[in-house]
Amino acid sequence: MKRLFRGGTVVSGKGTRRADVLIEDEKIIKVGRNIMDPAAQIIDVTGMLLMPGFIDAHTHFDLDVCNTTTADDFTTGSRAALRGGTTTVIDFACPNKGETLHDGLKLWHEKADGKTYCDYGFHMTIDDWNETIAREIDDMYAEGISSFKMYMTYPAMMIGDELMYHALKKLKEKGGICGVHCENSGVIDALVSEKKAQNQMGVSSHPETRPDYLEAEAVSRLLRIAQAVDIPVVIVHLTNAAALKEVEAARKRGQKVYVETCPQYLVLDNTVYYNEDYLEAAKFVCSPPIRTPADQKALWSGLRRGEIQTISTDHCSFTLAQKEAGRGDFTKIPGGIPGVETRGELIYTAGVTTRKISLATMCKALSENPAKLYGMYPRKGIIAKGADADIVIYDPQADHVIRAEDMVANVDYNPYEGFITRGSIAQVWLRGNLAVDHGTVVAACNGQYIARGKNAL
Ligand code: MN
Ligand code: MN
């Protein structure tokens, strides 16, 4: 089956151009001016922007945390992702403590296979290090896992500097890439104890015990460990100016560093934690916490200057009932917010239409760079001959208001409630099939596992 998207503007990391896009079955077969093909079904996209399907390289679906499970599993999460223009997610597979990477991978395939609406891959979490795990790293590449994750905080997951060094050394041998959650665990614990001693158990103690400089400290330490190993690393969900300065310093001494940020750090600020109403504040709790307007500014500037390469969501959703768990004790609030359904429209509105970033930069951050960094390019991340026909059709005129009640994610609130978008996603095509039509998910549940190759960014 051939289809011809006619009359639109095609977006890439280089810029925009007027071009028609011809697809056949799951693939793009031609991009150019005035394409004629009598066999093709014509889809008129006059006035529309055609962007490569967004990639969200940071989701947590069906994850057990804080004595509960995320509200979204692979089914509801991937439907929400598609509705937000995301055609591929990379979720974090996470072995239970003491289990092997193979166990973790098997578990994640069980959670996702046959239940996921968009395409998907996994990063593998390394929360321990020994001979067995070192051998398993080789097997992971054979399974299409080319990226890993380590934590510098959270007792259940953190690996410590020494083991992190050993793990990075092994990944270097493989030409691998690792994303790291950077926050100083020890001092955060001490600050939490102080808050408890002062009986300051409200939501505002969450950001106050996780200040920007303790994230910057961990970024700095990670980058020095990476220097010792001589390996590029990914800073996931970077939130603030001080942390970005540490990245700049590492780059100045010649290190390769990739940086990810998220919409919540670009469009929200820390006043959300000071709402008198517990749930109104708790629903924004995530780690690292949402920062200041000055930090937002630094992040936009970092995107504009190419210092930040990707925007993912860290989608980790909990219902308001689940968020109740931390009333009277901020340390018990399940940490995480929903994001997969709104990322594209938020970044287009808050970034592109305000000229903080160009459309090309948005395309790099949401599609092209994650595809390259995580070994899916040029199958994903670009509208070009030979790529998967994953296409977001964006209508720049169709402004609307973000409302939780319109969302398909399994969450009863939205952090961006009332946000007025500039334009909206008109359609989403996944491997040549219409997946979303004007807000309605029409896709069948046939997301594919994407075995990924090595970093090419
Ligand atoms: Mn994290
Ligand atoms: Mn995360």
# chains A, B, ... in the order shown; residues from 1 in each chain; ligands from 1
>>> residues_near_ligand(ligand="ligand 1", cutoff="10 Å", atoms="only C-alpha atoms and all ligand atoms", output="JSON, numbers by chain")
{"A": [58, 59, 60, 149, 150, 151, 152, 153, 154, 179, 180, 181, 182, 183, 235, 236, 237, 238, 286, 287, 288, 314, 316, 335, 336]}
>>> write_last_selection(atoms="N, CA, C and O atoms", output="CSV table (one decimal), in the first residue's frame")
chain,number,residue,atom,x,y,z
A,58,HIS,N,13.2,8.0,27.8
A,58,HIS,CA,13.2,7.9,29.2
A,58,HIS,C,11.8,7.8,29.8
A,58,HIS,O,11.1,8.7,30.1
A,59,THR,N,11.3,6.5,29.8
A,59,THR,CA,10.0,6.2,30.4
A,59,THR,C,10.1,5.1,31.4
A,59,THR,O,11.1,4.3,31.4
A,60,HIS,N,9.1,5.1,32.4
A,60,HIS,CA,9.0,4.1,33.4
A,60,HIS,C,7.6,3.6,33.3
A,60,HIS,O,6.7,4.2,33.9
A,149,LYS,N,21.9,2.1,32.4
A,149,LYS,CA,21.5,3.1,33.3
A,149,LYS,C,22.1,2.8,34.7
A,149,LYS,O,22.1,1.7,35.1
A,150,MET,N,22.6,3.9,35.3
A,150,MET,CA,23.1,3.7,36.7
A,150,MET,C,22.6,4.9,37.5
A,150,MET,O,22.3,5.9,37.0
A,151,TYR,N,22.5,4.6,38.8
A,151,TYR,CA,21.9,5.6,39.8
A,151,TYR,C,23.0,6.0,40.8
A,151,TYR,O,23.7,5.1,41.4
A,152,MET,N,23.1,7.3,41.1
A,152,MET,CA,24.0,7.7,42.2
A,152,MET,C,23.2,8.0,43.4
A,152,MET,O,23.7,8.4,44.4
A,153,THR,N,21.9,7.7,43.4
A,153,THR,CA,21.0,7.9,44.6
A,153,THR,C,20.0,6.7,44.5
A,153,THR,O,20.1,5.9,43.7
A,154,TYR,N,19.1,6.7,45.5
A,154,TYR,CA,18.2,5.6,45.7
A,154,TYR,C,18.9,4.4,46.2
A,154,TYR,O,19.5,3.7,45.5
A,179,GLY,N,23.4,6.1,30.8
A,179,GLY,CA,22.8,7.3,31.4
A,179,GLY,C,22.9,7.2,32.9
A,179,GLY,O,22.8,6.1,33.4
A,180,VAL,N,23.0,8.3,33.5
A,180,VAL,CA,23.2,8.3,35.0
A,180,VAL,C,22.3,9.3,35.6
A,180,VAL,O,22.2,10.4,35.2
A,181,HIS,N,21.6,8.8,36.7
A,181,HIS,CA,20.8,9.7,37.5
A,181,HIS,C,21.8,10.3,38.5
A,181,HIS,O,22.4,9.6,39.4
A,182,CYS,N,22.0,11.6,38.5
A,182,CYS,CA,23.0,12.3,39.3
A,182,CYS,C,22.4,13.1,40.4
A,182,CYS,O,21.8,14.2,40.2
A,183,GLU,N,22.5,12.6,41.6
A,183,GLU,CA,22.2,13.4,42.8
A,183,GLU,C,23.0,12.9,43.9
A,183,GLU,O,23.3,11.6,44.0
A,235,ILE,N,24.1,12.4,30.9
A,235,ILE,CA,23.4,12.9,32.1
A,235,ILE,C,21.9,12.9,31.8
A,235,ILE,O,21.5,13.7,31.0
A,236,VAL,N,21.2,12.0,32.5
A,236,VAL,CA,19.7,12.0,32.3
A,236,VAL,C,19.1,13.1,33.1
A,236,VAL,O,19.6,13.6,34.1
A,237,HIS,N,17.9,13.6,32.7
A,237,HIS,CA,17.1,14.6,33.3
A,237,HIS,C,17.9,15.7,34.1
A,237,HIS,O,17.7,15.9,35.3
A,238,LEU,N,18.8,16.3,33.4
A,238,LEU,CA,19.5,17.5,34.0
A,238,LEU,C,18.5,18.6,34.1
A,238,LEU,O,17.7,18.9,33.2
A,286,CYS,N,8.8,14.9,41.8
A,286,CYS,CA,9.7,14.1,41.0
A,286,CYS,C,11.1,14.4,41.4
A,286,CYS,O,11.4,15.4,42.0
A,287,SER,N,12.0,13.5,41.0
A,287,SER,CA,13.4,13.7,41.4
A,287,SER,C,14.3,13.6,40.1
A,287,SER,O,14.2,12.6,39.4
A,288,PRO,N,15.2,14.5,39.9
A,288,PRO,CA,15.4,15.7,40.7
A,288,PRO,C,14.1,16.6,40.6
A,288,PRO,O,13.4,16.5,39.7
A,314,ASP,N,10.8,11.3,31.3
A,314,ASP,CA,10.9,10.6,32.6
A,314,ASP,C,9.5,10.3,33.0
A,314,ASP,O,9.1,10.4,34.2
A,316,CYS,N,6.6,8.8,34.7
A,316,CYS,CA,6.6,7.9,35.8
A,316,CYS,C,5.3,8.3,36.5
A,316,CYS,O,5.4,9.1,37.4
A,335,GLY,N,7.5,9.3,43.7
A,335,GLY,CA,8.2,10.3,42.8
A,335,GLY,C,8.0,10.1,41.4
A,335,GLY,O,8.4,9.0,40.9
A,336,GLY,N,7.5,11.0,40.7
A,336,GLY,CA,7.3,10.9,39.2
A,336,GLY,C,6.1,11.6,38.7
A,336,GLY,O,5.1,11.8,39.5
>>> residues_around(residues="segment 127-133 of chain A", least_positions_apart="5", cutoff="10 Å", atoms="only C-alpha atoms", output="list in words")
Cys94, Pro95, Asn96, Lys97, Gly98, Glu99, Thr100, Leu101, His102, Asp138, Asp139, Lys149, Met150, Tyr151, Met152, Pro155, Ala156, Met157, Met158, Ile159, Gly160, Glu162, Leu163, Met164, Tyr165, His166 and Ala167 of chain A
>>> closest_residue(among="A:Ser301, A:Ser317, A:Ser205, A:Thr88", to="ligand 2", atoms="only C-alpha atoms and all ligand atoms")
A:Ser317
>>> closest_residue(among="A:Ile145, A:Ala389, A:Met376, A:Cys262", to="ligand 2", atoms="only C-alpha atoms and all ligand atoms")
A:Cys262
>>> residues_around(residues="Ile311 of chain A", least_positions_apart="5", cutoff="6 Å", atoms="only C-alpha atoms", output="list in words")
Glu260, Thr261, Cys262, Ala365 and Leu366 of chain A
>>> write_last_selection(atoms="N, CA, C and O atoms", output="compact mmCIF listing (two decimals), in the first residue's frame")
# COMPACT_ATOMS: atom_id res chain seq x y z
N GLU A 260 20.49 15.15 28.67
CA GLU A 260 19.04 15.06 28.46
C GLU A 260 18.36 15.99 29.46
O GLU A 260 18.79 16.06 30.61
N THR A 261 17.31 16.68 29.04
CA THR A 261 16.44 17.34 30.01
C THR A 261 15.00 16.93 29.71
O THR A 261 14.76 16.09 28.82
N CYS A 262 14.04 17.46 30.48
CA CYS A 262 12.64 17.05 30.34
C CYS A 262 11.73 18.29 30.33
O CYS A 262 12.10 19.33 30.90
N ALA A 365 16.12 17.33 19.28
CA ALA A 365 15.98 16.94 20.69
C ALA A 365 14.95 15.83 20.89
O ALA A 365 15.08 15.02 21.80
N LEU A 366 13.92 15.82 20.04
CA LEU A 366 12.84 14.85 20.24
C LEU A 366 12.96 13.61 19.34
O LEU A 366 12.37 12.58 19.64
>>> closest_residue(among="A:Phe92, A:Tyr377, A:Tyr213, A:Phe74", to="ligand 2", atoms="only C-alpha atoms and all ligand atoms")
A:Phe92
>>> residues_around(residues="Phe284 of chain A", least_positions_apart="5", cutoff="8 Å", atoms="only C-alpha atoms", output="MDAnalysis selection string")
chainID A and resid 272:273 290 336:337 415
>>> atom_distance(atom1="atom CA of Pro207 of chain A", atom2="atom CA of Thr319 of chain A")
20.3 Å
>>> residues_around(residues="Gly447 of chain A", least_positions_apart="5", cutoff="9 Å", atoms="only C-alpha atoms", output="list of chain:residue names")
A:Ser78, A:Thr87, A:Thr88, A:Asp113, A:Gly114, A:Lys115, A:Thr116, A:Tyr117, A:Cys118, A:Asp119, A:Tyr120, A:Leu430
